[in-house]
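Engineer: My questions will all concern the structure given below.
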Amino acid sequence: LASGTKEYHFPSLINKDKAKYEMDVNMEGFAELSNFAYLTRSTCRTLKDVNDVEFFERRILAMQTIGIATDDMRQVFNVIAAVLNLGNIKFDAPPNNSEGSMVMQECSSSIELVAKLIGVVRKDLELALCNVSRQTMKEKIRSPVNVRMASDNRDALAKSLYGIIFNFIVETSNVSIGYRPEVKLFVGVLDIFGFECFKMNSFEQLCINFTNERLQQ
């Protein structure tokens, strides 16, 4: 997609006869891969013979096929964009509190955009990331967290948002294929690419492999 594209008209590459209907996708929050911290931790940036725009259109077509409404699709893209931009938020300690945290001035545009995409106030989002709340018998106490914990809160929120989208798509897919709780037959999708063995396996990879082994069983 061209840099700065605000809306993408679907379909533009695949045959229009395949699409359920045409639509414009809001691309606010999306940019080149190199602009996102979450996407630049790997040295693999492109796949041979893979057209990213075509695959993007295939995803839209798939969502139309399983019956995801247009407004819901737009929310899905908003949340994905929010997750990507969350990774660009960095923290620093306030001048008067070395054990506290605050969003760096250079990241103001990122947190403003995230707040807009998920429909919250920027101030409330920063308070949630940079503080921890405890409920006592009489009151709720809010305490500041350090830079490392604020970063952990950011990543936890990103993971949670992405998980919500994943669960929503799985649930919608189940409905589209006529899934019923009382029927034990089901269609399972296994991420075969989770089975990987590197020279140095991380704990995260171990968890992925373990999960896939259990799914196989």
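Order determines the names: the first chain of the structure tokens is A, the second B, and so forth; residues in each chain are numbered 1 upward, and ligands are numbered 1 upward as they are shown.
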Using only C-alpha atoms, determine which residues lie at most 7 Å from range 143-157 of chain A, disregarding the query and same-chain residues fewer than 3 positions distant; provide the list as JSON, numbers by chain.
Structural biologist: {"A": [86, 91, 92, 93, 99, 100, 101, 129, 130, 131, 132, 133, 160, 161]}
Engineer: Would you mind exporting all heavy atoms of the selected residues as an mmCIF file, in the first residue's frame?
Structural biologist:
data_model
loop_
_atom_site.group_PDB
_atom_site.id
_atom_site.type_symbol
_atom_site.label_atom_id
_atom_site.label_comp_id
_atom_site.auth_asym_id
_atom_site.auth_seq_id
_atom_site.Cartn_x
_atom_site.Cartn_y
_atom_site.Cartn_z
ATOM 1 N N LEU A 86 0.766 0.395 19.840
ATOM 2 C CA LEU A 86 1.089 0.236 21.259
ATOM 3 C C LEU A 86 2.562 -0.112 21.431
ATOM 4 O O LEU A 86 3.226 0.371 22.349
ATOM 5 C CB LEU A 86 0.231 -0.869 21.872
ATOM 6 C CG LEU A 86 -1.031 -0.465 22.624
ATOM 7 C CD1 LEU A 86 -1.843 -1.694 22.988
ATOM 8 C CD2 LEU A 86 -0.704 0.343 23.865
ATOM 9 N N PHE A 91 8.580 4.527 27.569
ATOM 10 C CA PHE A 91 8.374 5.199 28.853
ATOM 11 C C PHE A 91 9.680 5.729 29.421
ATOM 12 O O PHE A 91 10.763 5.228 29.110
ATOM 13 C CB PHE A 91 7.733 4.227 29.852
ATOM 14 C CG PHE A 91 6.432 3.648 29.382
ATOM 15 C CD1 PHE A 91 6.406 2.451 28.665
ATOM 16 C CD2 PHE A 91 5.236 4.292 29.634
ATOM 17 C CE1 PHE A 91 5.214 1.905 28.215
ATOM 18 C CE2 PHE A 91 4.034 3.752 29.193
ATOM 19 C CZ PHE A 91 4.026 2.561 28.480
ATOM 20 N N ASP A 92 9.533 6.726 30.257
ATOM 21 C CA ASP A 92 10.675 7.305 30.966
ATOM 22 C C ASP A 92 10.226 7.652 32.372
ATOM 23 O O ASP A 92 9.026 7.786 32.633
ATOM 24 C CB ASP A 92 11.166 8.556 30.236
ATOM 25 C CG ASP A 92 12.587 8.925 30.610
ATOM 26 O OD1 ASP A 92 13.184 8.204 31.443
ATOM 27 O OD2 ASP A 92 13.108 9.924 30.078
ATOM 28 N N ALA A 93 11.175 7.780 33.270
ATOM 29 C CA ALA A 93 10.836 8.150 34.650
ATOM 30 C C ALA A 93 10.606 9.659 34.743
ATOM 31 O O ALA A 93 11.363 10.442 34.154
ATOM 32 C CB ALA A 93 11.960 7.731 35.585
ATOM 33 N N GLU A 99 11.034 6.098 40.493
ATOM 34 C CA GLU A 99 10.336 4.809 40.547
ATOM 35 C C GLU A 99 9.001 4.844 39.796
ATOM 36 O O GLU A 99 8.265 3.861 39.793
ATOM 37 C CB GLU A 99 10.093 4.404 42.000
ATOM 38 C CG GLU A 99 11.365 4.079 42.769
ATOM 39 C CD GLU A 99 12.144 2.930 42.128
ATOM 40 O OE1 GLU A 99 11.515 1.918 41.769
ATOM 41 O OE2 GLU A 99 13.374 3.059 41.974
ATOM 42 N N GLY A 100 8.707 5.989 39.200
ATOM 43 C CA GLY A 100 7.468 6.116 38.439
ATOM 44 C C GLY A 100 7.727 5.994 36.944
ATOM 45 O O GLY A 100 8.824 5.631 36.520
ATOM 46 N N SER A 101 6.722 6.287 36.151
ATOM 47 C CA SER A 101 6.877 6.207 34.697
ATOM 48 C C SER A 101 5.909 7.159 34.010
ATOM 49 O O SER A 101 4.878 7.536 34.568
ATOM 50 C CB SER A 101 6.630 4.773 34.209
ATOM 51 O OG SER A 101 5.344 4.324 34.591
ATOM 52 N N LEU A 129 -1.533 2.471 32.070
ATOM 53 C CA LEU A 129 -0.249 1.856 31.746
ATOM 54 C C LEU A 129 0.823 2.155 32.792
ATOM 55 O O LEU A 129 1.685 1.314 33.055
ATOM 56 C CB LEU A 129 0.240 2.329 30.368
ATOM 57 C CG LEU A 129 -0.594 1.915 29.159
ATOM 58 C CD1 LEU A 129 -0.047 2.571 27.894
ATOM 59 C CD2 LEU A 129 -0.632 0.404 29.009
ATOM 60 N N CYS A 130 0.740 3.329 33.379
ATOM 61 C CA CYS A 130 1.807 3.794 34.273
ATOM 62 C C CYS A 130 1.469 3.664 35.756
ATOM 63 O O CYS A 130 2.223 4.139 36.613
ATOM 64 C CB CYS A 130 2.158 5.255 33.958
ATOM 65 S SG CYS A 130 2.786 5.503 32.290
ATOM 66 N N ASN A 131 0.331 3.036 36.048
ATOM 67 C CA ASN A 131 -0.069 2.879 37.451
ATOM 68 C C ASN A 131 -0.677 1.501 37.679
ATOM 69 O O ASN A 131 -1.094 0.824 36.740
ATOM 70 C CB ASN A 131 -1.100 3.947 37.840
ATOM 71 C CG ASN A 131 -0.527 5.339 37.837
ATOM 72 O OD1 ASN A 131 0.000 5.809 38.844
ATOM 73 N ND2 ASN A 131 -0.626 6.027 36.692
ATOM 74 N N VAL A 132 -0.709 1.102 38.932
ATOM 75 C CA VAL A 132 -1.400 -0.116 39.320
ATOM 76 C C VAL A 132 -2.434 0.254 40.374
ATOM 77 O O VAL A 132 -2.177 1.081 41.244
ATOM 78 C CB VAL A 132 -0.411 -1.181 39.868
ATOM 79 C CG1 VAL A 132 0.330 -0.656 41.092
ATOM 80 C CG2 VAL A 132 -1.135 -2.472 40.207
ATOM 81 N N SER A 133 -3.621 -0.319 40.269
ATOM 82 C CA SER A 133 -4.700 0.001 41.204
ATOM 83 C C SER A 133 -4.966 -1.179 42.127
ATOM 84 O O SER A 133 -4.980 -2.335 41.688
ATOM 85 C CB SER A 133 -5.979 0.359 40.433
ATOM 86 O OG SER A 133 -5.790 1.526 39.664
ATOM 87 N N SER A 160 -3.679 -8.758 25.088
ATOM 88 C CA SER A 160 -5.090 -8.937 25.417
ATOM 89 C C SER A 160 -5.989 -8.486 24.259
ATOM 90 O O SER A 160 -6.951 -9.169 23.907
ATOM 91 C CB SER A 160 -5.430 -8.155 26.681
ATOM 92 O OG SER A 160 -6.796 -8.282 27.007
ATOM 93 N N LEU A 161 -5.673 -7.343 23.669
ATOM 94 C CA LEU A 161 -6.455 -6.834 22.541
ATOM 95 C C LEU A 161 -6.398 -7.797 21.363
ATOM 96 O O LEU A 161 -7.412 -8.092 20.731
ATOM 97 C CB LEU A 161 -5.937 -5.456 22.116
ATOM 98 C CG LEU A 161 -6.240 -4.294 23.059
ATOM 99 C CD1 LEU A 161 -5.489 -3.035 22.615
ATOM 100 C CD2 LEU A 161 -7.741 -4.015 23.112
#
Engineer: Please measure the separation of CA of Cys44 in chain A and CA of Phe56 in chain A, giving the value in Å to one decimal.
Structural biologist: 18.4 Å
Engineer: Of the candidates A:Ser109, A:Asn212, A:Asn15, A:Asn85, which shows the shortest atom-to-atom distance to Leu61 in chain A, using only C-alpha atoms?
Structural biologist: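 When distances to Leu61 in chain A are compared using only C-alpha atoms, the smallest one comes from A:Asn15.
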Engineer: What is the CA of Lys18 in chain A to CA of Gly67 in chain A distance in Å?
Structural biologist: 14.5 Å
Engineer: From the DSSP assignment of the backbone, select every residue of range 16-149 of chain A that is alpha helix (DSSP H), and format the answer as an MDAnalysis selection string.
Structural biologist: chainID A and resid 52:65 70:86 108:118 122:130 147:149
Engineer: Kindly save the residues from that selection, with N, CA and C atoms included, as a short mmCIF file (atom, residue, chain, number, x, y, z; two decimals), in the first residue's frame.
Structural biologist:
data_model
loop_
_atom_site.label_atom_id
_atom_site.label_comp_id
_atom_site.auth_asym_id
_atom_site.auth_seq_id
_atom_site.Cartn_x
_atom_site.Cartn_y
_atom_site.Cartn_z
N ASP A 52 1.71 -9.08 -0.41
CA ASP A 52 1.03 -8.75 0.84
C ASP A 52 -0.34 -8.12 0.61
N VAL A 53 -0.47 -7.29 -0.42
CA VAL A 53 -1.74 -6.63 -0.68
C VAL A 53 -2.80 -7.65 -1.11
N GLU A 54 -2.38 -8.63 -1.92
CA GLU A 54 -3.31 -9.68 -2.33
C GLU A 54 -3.78 -10.49 -1.12
N PHE A 55 -2.84 -10.81 -0.22
CA PHE A 55 -3.21 -11.57 0.97
C PHE A 55 -4.11 -10.74 1.89
N PHE A 56 -3.90 -9.43 1.92
CA PHE A 56 -4.76 -8.53 2.68
C PHE A 56 -6.18 -8.62 2.15
N GLU A 57 -6.32 -8.62 0.84
CA GLU A 57 -7.66 -8.72 0.24
C GLU A 57 -8.27 -10.09 0.50
N ARG A 58 -7.45 -11.12 0.52
CA ARG A 58 -7.97 -12.45 0.83
C ARG A 58 -8.53 -12.51 2.25
N ARG A 59 -7.88 -11.80 3.16
CA ARG A 59 -8.37 -11.77 4.55
C ARG A 59 -9.73 -11.08 4.61
N ILE A 60 -9.86 -9.99 3.87
CA ILE A 60 -11.15 -9.28 3.86
C ILE A 60 -12.23 -10.19 3.28
N LEU A 61 -11.90 -10.86 2.18
CA LEU A 61 -12.85 -11.77 1.55
C LEU A 61 -13.24 -12.89 2.51
N ALA A 62 -12.27 -13.42 3.24
CA ALA A 62 -12.55 -14.49 4.20
C ALA A 62 -13.50 -14.00 5.29
N MET A 63 -13.29 -12.77 5.76
CA MET A 63 -14.17 -12.22 6.80
C MET A 63 -15.57 -12.00 6.26
N GLN A 64 -15.67 -11.56 5.01
CA GLN A 64 -17.00 -11.43 4.40
C GLN A 64 -17.67 -12.78 4.28
N THR A 65 -16.90 -13.80 3.92
CA THR A 65 -17.44 -15.13 3.69
C THR A 65 -18.02 -15.75 4.96
N THR A 70 -19.61 -5.41 8.26
CA THR A 70 -18.68 -4.36 7.84
C THR A 70 -18.18 -3.55 9.04
N ASP A 71 -19.09 -3.16 9.93
CA ASP A 71 -18.68 -2.37 11.10
C ASP A 71 -17.74 -3.17 12.00
N ASP A 72 -18.02 -4.47 12.15
CA ASP A 72 -17.14 -5.31 12.96
C ASP A 72 -15.76 -5.45 12.31
N MET A 73 -15.74 -5.54 10.99
CA MET A 73 -14.46 -5.61 10.28
C MET A 73 -13.64 -4.36 10.53
N ARG A 74 -14.29 -3.23 10.49
CA ARG A 74 -13.59 -1.97 10.73
C ARG A 74 -13.02 -1.93 12.15
N GLN A 75 -13.76 -2.46 13.10
CA GLN A 75 -13.27 -2.51 14.47
C GLN A 75 -12.08 -3.46 14.60
N VAL A 76 -12.12 -4.56 13.85
CA VAL A 76 -11.00 -5.50 13.85
C VAL A 76 -9.73 -4.80 13.38
N PHE A 77 -9.83 -4.06 12.29
CA PHE A 77 -8.66 -3.35 11.76
C PHE A 77 -8.20 -2.25 12.72
N ASN A 78 -9.14 -1.58 13.37
CA ASN A 78 -8.78 -0.55 14.34
C ASN A 78 -7.97 -1.14 15.49
N VAL A 79 -8.41 -2.29 15.99
CA VAL A 79 -7.72 -2.92 17.12
C VAL A 79 -6.34 -3.41 16.69
N ILE A 80 -6.24 -3.99 15.50
CA ILE A 80 -4.93 -4.44 15.01
C ILE A 80 -3.98 -3.26 14.88
N ALA A 81 -4.47 -2.15 14.35
CA ALA A 81 -3.64 -0.95 14.23
C ALA A 81 -3.23 -0.44 15.61
N ALA A 82 -4.15 -0.53 16.57
CA ALA A 82 -3.85 -0.10 17.94
C ALA A 82 -2.75 -0.95 18.55
N VAL A 83 -2.81 -2.27 18.32
CA VAL A 83 -1.79 -3.17 18.84
C VAL A 83 -0.42 -2.81 18.27
N LEU A 84 -0.37 -2.58 16.96
CA LEU A 84 0.90 -2.22 16.33
C LEU A 84 1.48 -0.93 16.91
N ASN A 85 0.63 0.05 17.11
CA ASN A 85 1.10 1.34 17.62
C ASN A 85 1.39 1.31 19.11
N LEU A 86 0.77 0.40 19.84
CA LEU A 86 1.09 0.24 21.26
C LEU A 86 2.56 -0.11 21.43
N SER A 108 4.13 10.72 22.00
CA SER A 108 2.80 11.29 22.23
C SER A 108 1.83 10.96 21.10
N SER A 109 2.32 11.04 19.87
CA SER A 109 1.44 10.77 18.73
C SER A 109 0.98 9.31 18.72
N SER A 110 1.85 8.40 19.17
CA SER A 110 1.50 6.97 19.19
C SER A 110 0.40 6.69 20.20
N ILE A 111 0.54 7.21 21.42
CA ILE A 111 -0.48 6.93 22.43
C ILE A 111 -1.78 7.66 22.12
N GLU A 112 -1.70 8.84 21.50
CA GLU A 112 -2.91 9.54 21.08
C GLU A 112 -3.67 8.71 20.05
N LEU A 113 -2.92 8.12 19.11
CA LEU A 113 -3.54 7.32 18.06
C LEU A 113 -4.15 6.05 18.63
N VAL A 114 -3.45 5.39 19.54
CA VAL A 114 -3.96 4.17 20.16
C VAL A 114 -5.27 4.47 20.90
N ALA A 115 -5.26 5.55 21.66
CA ALA A 115 -6.45 5.94 22.42
C ALA A 115 -7.64 6.18 21.48
N LYS A 116 -7.37 6.83 20.36
CA LYS A 116 -8.43 7.11 19.39
C LYS A 116 -8.96 5.83 18.77
N LEU A 117 -8.06 4.91 18.43
CA LEU A 117 -8.45 3.67 17.75
C LEU A 117 -9.29 2.75 18.64
N ILE A 118 -9.00 2.75 19.94
CA ILE A 118 -9.76 1.87 20.84
C ILE A 118 -10.86 2.61 21.60
N ARG A 122 -6.88 9.61 26.09
CA ARG A 122 -5.43 9.41 26.18
C ARG A 122 -4.94 9.43 27.62
N LYS A 123 -5.45 10.36 28.41
CA LYS A 123 -5.02 10.48 29.81
C LYS A 123 -5.33 9.21 30.59
N ASP A 124 -6.52 8.65 30.36
CA ASP A 124 -6.92 7.42 31.07
C ASP A 124 -6.05 6.24 30.65
N LEU A 125 -5.69 6.19 29.37
CA LEU A 125 -4.84 5.11 28.88
C LEU A 125 -3.46 5.18 29.50
N GLU A 126 -2.89 6.39 29.57
CA GLU A 126 -1.56 6.54 30.17
C GLU A 126 -1.58 6.22 31.66
N LEU A 127 -2.65 6.62 32.35
CA LEU A 127 -2.78 6.30 33.77
C LEU A 127 -2.82 4.79 33.99
N ALA A 128 -3.53 4.10 33.11
CA ALA A 128 -3.65 2.65 33.24
C ALA A 128 -2.33 1.95 33.00
N LEU A 129 -1.53 2.47 32.07
CA LEU A 129 -0.25 1.86 31.75
C LEU A 129 0.82 2.15 32.79
N CYS A 130 0.74 3.33 33.38
CA CYS A 130 1.81 3.79 34.27
C CYS A 130 1.47 3.66 35.76
N VAL A 147 9.42 2.10 34.94
CA VAL A 147 9.44 2.05 33.47
C VAL A 147 9.29 0.61 32.96
N ARG A 148 9.98 -0.32 33.60
CA ARG A 148 9.90 -1.71 33.15
C ARG A 148 8.49 -2.27 33.29
N MET A 149 7.85 -2.00 34.42
CA MET A 149 6.49 -2.50 34.64
C MET A 149 5.49 -1.83 33.69
#
Engineer: For Glu106 in chain A, which residue among A:Ser173, A:Asn26, A:Thr40, A:Asn88 is the nearest when counting only C-alpha atoms?
Structural biologist: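 So, comparing all the options, the nearest one is A:Asn88.
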Engineer: Mind checking which residues fall within 9 Å of Leu39 in chain A, counting only C-alpha atoms, ignoring those fewer than 4 positions away in the same chain, and posting them as a PDB file with all heavy atoms, in the first residue's frame?
Structural biologist:
ATOM      1  N   LEU A  33       6.069  -1.547   7.425  1.00  0.00           N
ATOM      2  CA  LEU A  33       6.482  -2.488   8.474  1.00  0.00           C
ATOM      3  C   LEU A  33       7.592  -1.922   9.360  1.00  0.00           C
ATOM      4  O   LEU A  33       7.585  -2.112  10.577  1.00  0.00           O
ATOM      5  CB  LEU A  33       6.923  -3.794   7.812  1.00  0.00           C
ATOM      6  CG  LEU A  33       7.428  -4.944   8.681  1.00  0.00           C
ATOM      7  CD1 LEU A  33       7.126  -6.275   8.005  1.00  0.00           C
ATOM      8  CD2 LEU A  33       8.921  -4.859   8.957  1.00  0.00           C
ATOM      9  N   SER A  34       8.521  -1.216   8.757  1.00  0.00           N
ATOM     10  CA  SER A  34       9.685  -0.705   9.495  1.00  0.00           C
ATOM     11  C   SER A  34       9.316   0.328  10.552  1.00  0.00           C
ATOM     12  O   SER A  34      10.129   0.670  11.411  1.00  0.00           O
ATOM     13  CB  SER A  34      10.696  -0.086   8.521  1.00  0.00           C
ATOM     14  OG  SER A  34      10.096   0.953   7.765  1.00  0.00           O
ATOM     15  N   ASN A  35       8.065   0.810  10.527  1.00  0.00           N
ATOM     16  CA  ASN A  35       7.633   1.827  11.495  1.00  0.00           C
ATOM     17  C   ASN A  35       7.164   1.246  12.821  1.00  0.00           C
ATOM     18  O   ASN A  35       6.856   1.995  13.746  1.00  0.00           O
ATOM     19  CB  ASN A  35       6.496   2.668  10.903  1.00  0.00           C
ATOM     20  CG  ASN A  35       6.969   3.563   9.775  1.00  0.00           C
ATOM     21  OD1 ASN A  35       7.975   4.246   9.902  1.00  0.00           O
ATOM     22  ND2 ASN A  35       6.262   3.540   8.665  1.00  0.00           N
ATOM     23  N   ARG A  45      11.557  -9.938   6.838  1.00  0.00           N
ATOM     24  CA  ARG A  45      10.602  -8.864   6.588  1.00  0.00           C
ATOM     25  C   ARG A  45       9.681  -9.155   5.392  1.00  0.00           C
ATOM     26  O   ARG A  45       8.587  -8.600   5.307  1.00  0.00           O
ATOM     27  CB  ARG A  45      11.357  -7.544   6.321  1.00  0.00           C
ATOM     28  CG  ARG A  45      12.353  -7.151   7.410  1.00  0.00           C
ATOM     29  CD  ARG A  45      11.669  -6.637   8.640  1.00  0.00           C
ATOM     30  NE  ARG A  45      12.614  -6.283   9.685  1.00  0.00           N
ATOM     31  CZ  ARG A  45      13.214  -5.105   9.808  1.00  0.00           C
ATOM     32  NH1 ARG A  45      12.979  -4.159   8.900  1.00  0.00           N
ATOM     33  NH2 ARG A  45      14.039  -4.853  10.796  1.00  0.00           N
ATOM     34  N   LEU A  84      -0.371  -2.576  16.964  1.00  0.00           N
ATOM     35  CA  LEU A  84       0.903  -2.221  16.329  1.00  0.00           C
ATOM     36  C   LEU A  84       1.482  -0.929  16.905  1.00  0.00           C
ATOM     37  O   LEU A  84       2.686  -0.834  17.173  1.00  0.00           O
ATOM     38  CB  LEU A  84       0.708  -2.069  14.818  1.00  0.00           C
ATOM     39  CG  LEU A  84       0.404  -3.354  14.033  1.00  0.00           C
ATOM     40  CD1 LEU A  84       0.075  -3.024  12.583  1.00  0.00           C
ATOM     41  CD2 LEU A  84       1.583  -4.313  14.104  1.00  0.00           C
ATOM     42  N   GLY A  87       3.075  -0.939  20.534  1.00  0.00           N
ATOM     43  CA  GLY A  87       4.478  -1.342  20.619  1.00  0.00           C
ATOM     44  C   GLY A  87       5.456  -0.209  20.441  1.00  0.00           C
ATOM     45  O   GLY A  87       6.639  -0.335  20.790  1.00  0.00           O
TER      46      GLY A  87
END
Engineer: Hey, can you check how far CA of Glu171 in chain A sits from CA of Ala158 in chain A?
Structural biologist: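 So the answer is 20.1 Å.
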Engineer: Any chance you could list, as a PyMOL selection string, the residues in range 88-168 of chain A that come up strand (DSSP E) when DSSP is run on the backbone?
Structural biologist: chain A and resi 91-92+102-103+131-135+140-144
